[in-house]
Amino acid sequence: MISRTDVDEAAQRIHGLTRLTPVLEADRGQYQGPVWFKCEFLQHTGSFKARGALNRILASQERGELTPAGIVVASGGNAGLANAYAAARLGVPATVFVPAAAPAVKVAKLRDIGAAVVQGGAEYAVAYEAAVAHAAGTGAVYCHAYDQPEIAAGAGTVGLELLDQVPGVDTALVAVGGGGLMAGIAAAVEGRAKVVAVEPEGAPTLHAALRAGSPVDVAVSGVAADSLGARSVGSIGFAVAVRAGVESVLVTDADIIAARSALWNGYRIVVEHGAAAAYAALLSGAYVPGPDERVAVVLCGANMDPATL
């Protein structure tokens with residue numbers, strides 16, 4: 001569980017190390033009220049995850065937990081890139097475990113940043129187990145992709161920026177995979193704005209958890225599975241969602257693809273499918289704002305294969 005205090009502390013800790021990403025107002029008249037895009041895809045390494053990675057490493061450093069082994073993470077995607085970047089920025093060694101089938105371009109990028117990359121296993125679960133074992137055996141600090149307090153609180157600094165950049169914002173639409181970004185933003189804006197969690201029909205982690213009363217495993221598929229493909233929402237994400245009354249809506253793959261195209265055609269914004277899911281909720285009618293409701297759409301990442309554009 002995290003609170004606004006945790007997010008405030010994260011903001012102080014990572015100040016000057018992250019980008020204040022801009023907001024762009026959508027064309028007037030398209031919706032009942034004003035809509036803004038929070039352009040977090042312009043963050044270091046192309047996603048919000050650099051915020052949580054920096055906060056996790058710095059907090060570990062403050063507690064004296066860092067050893068010469070540095071940090072370790074299991075991810076060939078945004079979390080791996082973010083943690084490798086954060087470690088390099090702070091002068092800390094990083095080891096990244098990725099599945100054997102991880103794209104060569106992503107492995108090369110991780111190595112270019114300065115991380116030691118270990119490939120093995122057919123899927124993410126194997127890389128995760130190997131990373132945890134590495135942490136236990138070497139003393140390296142394990143950085144989870146989404147389900148750690150410092151990771152979620154760091155991500156929540158997006159919400160603090162929104163409150164400043166869009167005064168009186170009523171609602172933030174946030175894509176959900178493991179739930180770290182949603183939890184952080186919900187904690188940051190709690191009592192001042194509401195959060196609507198947007199999930200693909202093919203990966204409804206929070207939606208299923210809210211119906212079941214606790215996190216449950218779901219089958220994962222669809223165009224956004226590379227970034228929103230967690231098999232269950234994290235315990236932090238679930239707890240904050242329940243406490244803050246986060247609403248969950250679902251969108252289809254067709255909705256996501258259409259939203260991604262609309263962002264390009266209307267605003268020349270290029271994002272990954274997972275980020276476009278948040279906008280898909282508006283375009284598809286999965287979420288319908290009230291009259292004069294002030295809505296912010298968090299566009300959280302832009303790491304994708306350009307060939308899919």
# chains A, B, ... in the order shown; residues from 1 in each chain; ligands from 1
$ residues_around --residues "Val218 of chain A" --least-positions-apart "6" --cutoff "7 Å" --atoms "only C-alpha atoms" --output "short mmCIF file (atom, residue, chain, number, x, y, z; two decimals) with N, CA, C and O atoms, in the first residue's frame"
data_model
loop_
_atom_site.label_atom_id
_atom_site.label_comp_id
_atom_site.auth_asym_id
_atom_site.auth_seq_id
_atom_site.Cartn_x
_atom_site.Cartn_y
_atom_site.Cartn_z
N ALA A 203 -6.49 -8.68 -21.41
CA ALA A 203 -5.61 -8.69 -20.23
C ALA A 203 -6.26 -7.91 -19.10
O ALA A 203 -5.72 -6.91 -18.63
N THR A 205 -6.57 -7.56 -15.85
CA THR A 205 -6.06 -7.94 -14.53
C THR A 205 -6.81 -7.28 -13.38
O THR A 205 -7.23 -7.96 -12.44
N ARG A 231 0.07 -11.06 -15.72
CA ARG A 231 -0.98 -12.08 -15.56
C ARG A 231 -1.91 -11.79 -14.39
O ARG A 231 -3.00 -12.35 -14.30
N SER A 232 -1.49 -10.93 -13.48
CA SER A 232 -2.37 -10.50 -12.40
C SER A 232 -1.95 -9.11 -11.96
O SER A 232 -0.79 -8.72 -12.10
#
$ residues_around --residues "His144 of chain A" --least-positions-apart "5" --cutoff "10 Å" --atoms "only C-alpha atoms" --output "list in words"
Gly52, Ala53, Arg56, Val72, Val73, Ala74, Ser75, Ala79, Gly80, Asn83, Tyr128, Ala131, Val132, Pro149, Glu150, Ile151, Ala152 and Gly180 of chain A
$ residues_around --residues "segment 90-102 of chain A" --least-positions-apart "3" --cutoff "9 Å" --atoms "only C-alpha atoms" --output "VMD selection string"
chain A and resid 54 57 to 58 66 68 to 77 80 to 81 83 to 87 105 to 107 110 114 to 128 130 to 131 140
$ atom_distance --atom1 "atom CA of Pro291 of chain A" --atom2 "atom CA of Asp170 of chain A"
11.4 Å
$ atom_distance --atom1 "atom CA of Lys109 of chain A" --atom2 "atom CA of Ser261 of chain A"
26.5 Å
$ select_by_dssp --residues "segment 85-188 of chain A" --states "helix (DSSP H, G or I)" --output "number ranges by chain"
A: 85-90, 104-113, 124-138, 149-155, 157-165, 180-188
$ residues_around --residues "Gly229 of chain A" --least-positions-apart "2" --cutoff "10 Å" --atoms "only C-alpha atoms" --output "ChimeraX atom specification"
/A:176-178,200,202-205,218-227,231-233,274
$ write_last_selection --atoms "all heavy atoms" --output "compact mmCIF listing (two decimals), in the first residue's frame"
# COMPACT_ATOMS: atom_id res chain seq x y z
N VAL A 176 -3.71 0.02 -17.49
CA VAL A 176 -3.29 -0.86 -16.41
C VAL A 176 -2.79 -2.20 -16.96
O VAL A 176 -3.44 -2.83 -17.79
CB VAL A 176 -4.45 -1.13 -15.43
CG1 VAL A 176 -4.06 -2.20 -14.41
CG2 VAL A 176 -4.83 0.16 -14.70
N GLY A 177 -1.61 -2.60 -16.47
CA GLY A 177 -1.10 -3.94 -16.67
C GLY A 177 -0.95 -4.57 -15.30
O GLY A 177 -1.84 -5.20 -14.76
N GLY A 178 0.22 -4.32 -14.68
CA GLY A 178 0.43 -4.76 -13.30
C GLY A 178 -0.14 -3.81 -12.27
O GLY A 178 -0.30 -4.17 -11.11
N PRO A 200 -7.13 -3.74 -21.63
CA PRO A 200 -7.57 -4.49 -22.81
C PRO A 200 -8.46 -5.66 -22.39
O PRO A 200 -8.25 -6.26 -21.32
CB PRO A 200 -6.26 -5.01 -23.41
CG PRO A 200 -5.18 -4.23 -22.75
CD PRO A 200 -5.69 -3.86 -21.41
N GLY A 202 -8.27 -8.44 -23.52
CA GLY A 202 -7.39 -9.61 -23.50
C GLY A 202 -6.45 -9.68 -22.32
O GLY A 202 -5.68 -10.64 -22.21
N ALA A 203 -6.49 -8.68 -21.41
CA ALA A 203 -5.61 -8.69 -20.23
C ALA A 203 -6.26 -7.91 -19.10
O ALA A 203 -5.72 -6.91 -18.63
CB ALA A 203 -4.25 -8.10 -20.58
N PRO A 204 -7.43 -8.36 -18.62
CA PRO A 204 -8.21 -7.60 -17.64
C PRO A 204 -7.81 -7.86 -16.20
O PRO A 204 -8.60 -8.32 -15.37
CB PRO A 204 -9.64 -8.07 -17.91
CG PRO A 204 -9.46 -9.53 -18.27
CD PRO A 204 -8.15 -9.59 -19.04
N THR A 205 -6.57 -7.56 -15.85
CA THR A 205 -6.06 -7.94 -14.53
C THR A 205 -6.81 -7.28 -13.38
O THR A 205 -7.23 -7.96 -12.44
CB THR A 205 -4.56 -7.61 -14.42
OG1 THR A 205 -4.36 -6.22 -14.70
CG2 THR A 205 -3.76 -8.42 -15.41
N VAL A 218 -5.07 -14.11 -14.92
CA VAL A 218 -5.93 -14.06 -16.11
C VAL A 218 -5.11 -14.49 -17.31
O VAL A 218 -3.87 -14.40 -17.30
CB VAL A 218 -6.48 -12.63 -16.35
CG1 VAL A 218 -7.31 -12.16 -15.17
CG2 VAL A 218 -5.36 -11.64 -16.65
N ALA A 219 -5.79 -14.98 -18.32
CA ALA A 219 -5.11 -15.28 -19.58
C ALA A 219 -4.79 -13.95 -20.26
O ALA A 219 -5.57 -13.00 -20.19
CB ALA A 219 -6.02 -16.12 -20.47
N VAL A 220 -3.64 -13.89 -20.92
CA VAL A 220 -3.18 -12.64 -21.52
C VAL A 220 -3.03 -12.81 -23.03
O VAL A 220 -2.41 -13.75 -23.50
CB VAL A 220 -1.84 -12.20 -20.91
CG1 VAL A 220 -1.28 -11.00 -21.66
CG2 VAL A 220 -2.01 -11.86 -19.44
N SER A 221 -3.61 -11.87 -23.77
CA SER A 221 -3.48 -11.88 -25.22
C SER A 221 -3.74 -10.47 -25.74
O SER A 221 -4.10 -9.58 -24.98
CB SER A 221 -4.49 -12.86 -25.85
OG SER A 221 -5.82 -12.44 -25.58
N GLY A 222 -3.54 -10.28 -27.04
CA GLY A 222 -3.90 -9.01 -27.65
C GLY A 222 -2.73 -8.13 -28.03
O GLY A 222 -1.57 -8.41 -27.72
N VAL A 223 -3.05 -7.03 -28.72
CA VAL A 223 -2.03 -6.16 -29.29
C VAL A 223 -1.21 -5.42 -28.24
O VAL A 223 -0.08 -4.99 -28.50
CB VAL A 223 -2.65 -5.13 -30.25
CG1 VAL A 223 -3.28 -5.81 -31.45
CG2 VAL A 223 -3.65 -4.23 -29.54
N ALA A 224 -1.74 -5.26 -27.04
CA ALA A 224 -1.04 -4.52 -25.99
C ALA A 224 -0.37 -5.42 -24.96
O ALA A 224 0.10 -4.95 -23.93
CB ALA A 224 -2.00 -3.57 -25.29
N ALA A 225 -0.31 -6.73 -25.25
CA ALA A 225 0.21 -7.69 -24.27
C ALA A 225 1.69 -7.46 -23.97
O ALA A 225 2.17 -7.83 -22.90
CB ALA A 225 0.00 -9.11 -24.77
N ASP A 226 2.42 -6.82 -24.90
CA ASP A 226 3.85 -6.61 -24.64
C ASP A 226 4.09 -5.64 -23.49
O ASP A 226 5.09 -5.74 -22.79
CB ASP A 226 4.55 -6.11 -25.91
CG ASP A 226 3.99 -4.80 -26.42
OD1 ASP A 226 2.82 -4.48 -26.13
OD2 ASP A 226 4.73 -4.08 -27.12
N SER A 227 3.16 -4.71 -23.27
CA SER A 227 3.34 -3.75 -22.18
C SER A 227 2.29 -3.86 -21.08
O SER A 227 2.55 -3.48 -19.94
CB SER A 227 3.35 -2.32 -22.72
OG SER A 227 2.16 -2.03 -23.43
N ARG A 231 0.07 -11.06 -15.72
CA ARG A 231 -0.98 -12.08 -15.56
C ARG A 231 -1.91 -11.79 -14.39
O ARG A 231 -3.00 -12.35 -14.30
CB ARG A 231 -0.34 -13.45 -15.39
CG ARG A 231 0.34 -13.95 -16.66
CD ARG A 231 0.77 -15.40 -16.54
NE ARG A 231 1.35 -15.88 -17.79
CZ ARG A 231 1.80 -17.12 -17.97
NH1 ARG A 231 1.74 -17.99 -16.98
NH2 ARG A 231 2.30 -17.48 -19.13
N SER A 232 -1.49 -10.93 -13.48
CA SER A 232 -2.37 -10.50 -12.40
C SER A 232 -1.95 -9.11 -11.96
O SER A 232 -0.79 -8.72 -12.10
CB SER A 232 -2.32 -11.47 -11.20
OG SER A 232 -1.06 -11.40 -10.56
N VAL A 233 -2.90 -8.36 -11.45
CA VAL A 233 -2.57 -7.03 -10.93
C VAL A 233 -1.76 -7.20 -9.65
O VAL A 233 -1.94 -8.17 -8.90
CB VAL A 233 -3.86 -6.21 -10.68
CG1 VAL A 233 -4.63 -6.74 -9.47
CG2 VAL A 233 -3.55 -4.74 -10.51
N GLY A 274 -0.14 -0.18 -25.63
CA GLY A 274 -0.54 -0.09 -24.24
C GLY A 274 -0.90 1.33 -23.83
O GLY A 274 -1.86 1.55 -23.07
$ closest_residue --among "A:Ala104, A:Ala241, A:Cys300, A:Ala280" --to "His44 of chain A" --atoms "only C-alpha atoms"
A:Cys300
$ atom_distance --atom1 "atom CA of Val298 of chain A" --atom2 "atom CA of Gly285 of chain A"
16.9 Å
$ residues_around --residues "Ser214 of chain A" --least-positions-apart "5" --cutoff "10 Å" --atoms "only C-alpha atoms" --output "mmCIF file with C-alpha atoms, in the first residue's frame"
data_model
loop_
_atom_site.group_PDB
_atom_site.id
_atom_site.type_symbol
_atom_site.label_atom_id
_atom_site.label_comp_id
_atom_site.auth_asym_id
_atom_site.auth_seq_id
_atom_site.Cartn_x
_atom_site.Cartn_y
_atom_site.Cartn_z
ATOM 1 C CA LEU A 206 -7.643 -5.262 -12.335
ATOM 2 C CA ALA A 208 -10.955 -9.516 -12.779
ATOM 3 C CA ALA A 209 -9.456 -8.763 -9.360
ATOM 4 C CA SER A 232 -2.372 -10.501 -12.396
ATOM 5 C CA VAL A 233 -2.572 -7.034 -10.932
ATOM 6 C CA GLY A 234 -0.048 -6.363 -8.180
ATOM 7 C CA SER A 235 -1.013 -6.351 -4.519
ATOM 8 C CA PHE A 238 -5.240 -3.774 -6.062
ATOM 9 C CA ALA A 239 -5.128 -2.313 -2.540
ATOM 10 C CA VAL A 242 -10.021 -0.537 -3.688
#
$ select_by_dssp --residues "segment 83-293 of chain A" --states "strand (DSSP E)" --output "ChimeraX atom specification"
/A:94-98,116-119,141-142,171-175,194-200,247-251
$ residues_around --residues "Ile256 of chain A" --least-positions-apart "6" --cutoff "7 Å" --atoms "only C-alpha atoms" --output "ChimeraX atom specification"
/A:273,276-277,280
$ closest_atom_pairs --of "segment 259-300 of chain A" --to "segment 181-197 of chain A" --cutoff "10 Å" --atoms "only C-alpha atoms" --output "tab-separated table"
residue	atom	partner	partner_atom	distance
A:Ala277	CA	A:Ala197	CA	9.8
A:Ala278	CA	A:Ala197	CA	7.9
A:Ala281	CA	A:Val196	CA	9.3
A:Tyr287	CA	A:Val196	CA	8.3
A:Arg294	CA	A:Ala193	CA	9.7
A:Val295	CA	A:Ala193	CA	9.6
A:Ala296	CA	A:Val195	CA	9.6
A:Val297	CA	A:Val196	CA	9.7
A:Val298	CA	A:Leu181	CA	9.8
A:Cys300	CA	A:Leu181	CA	8.8
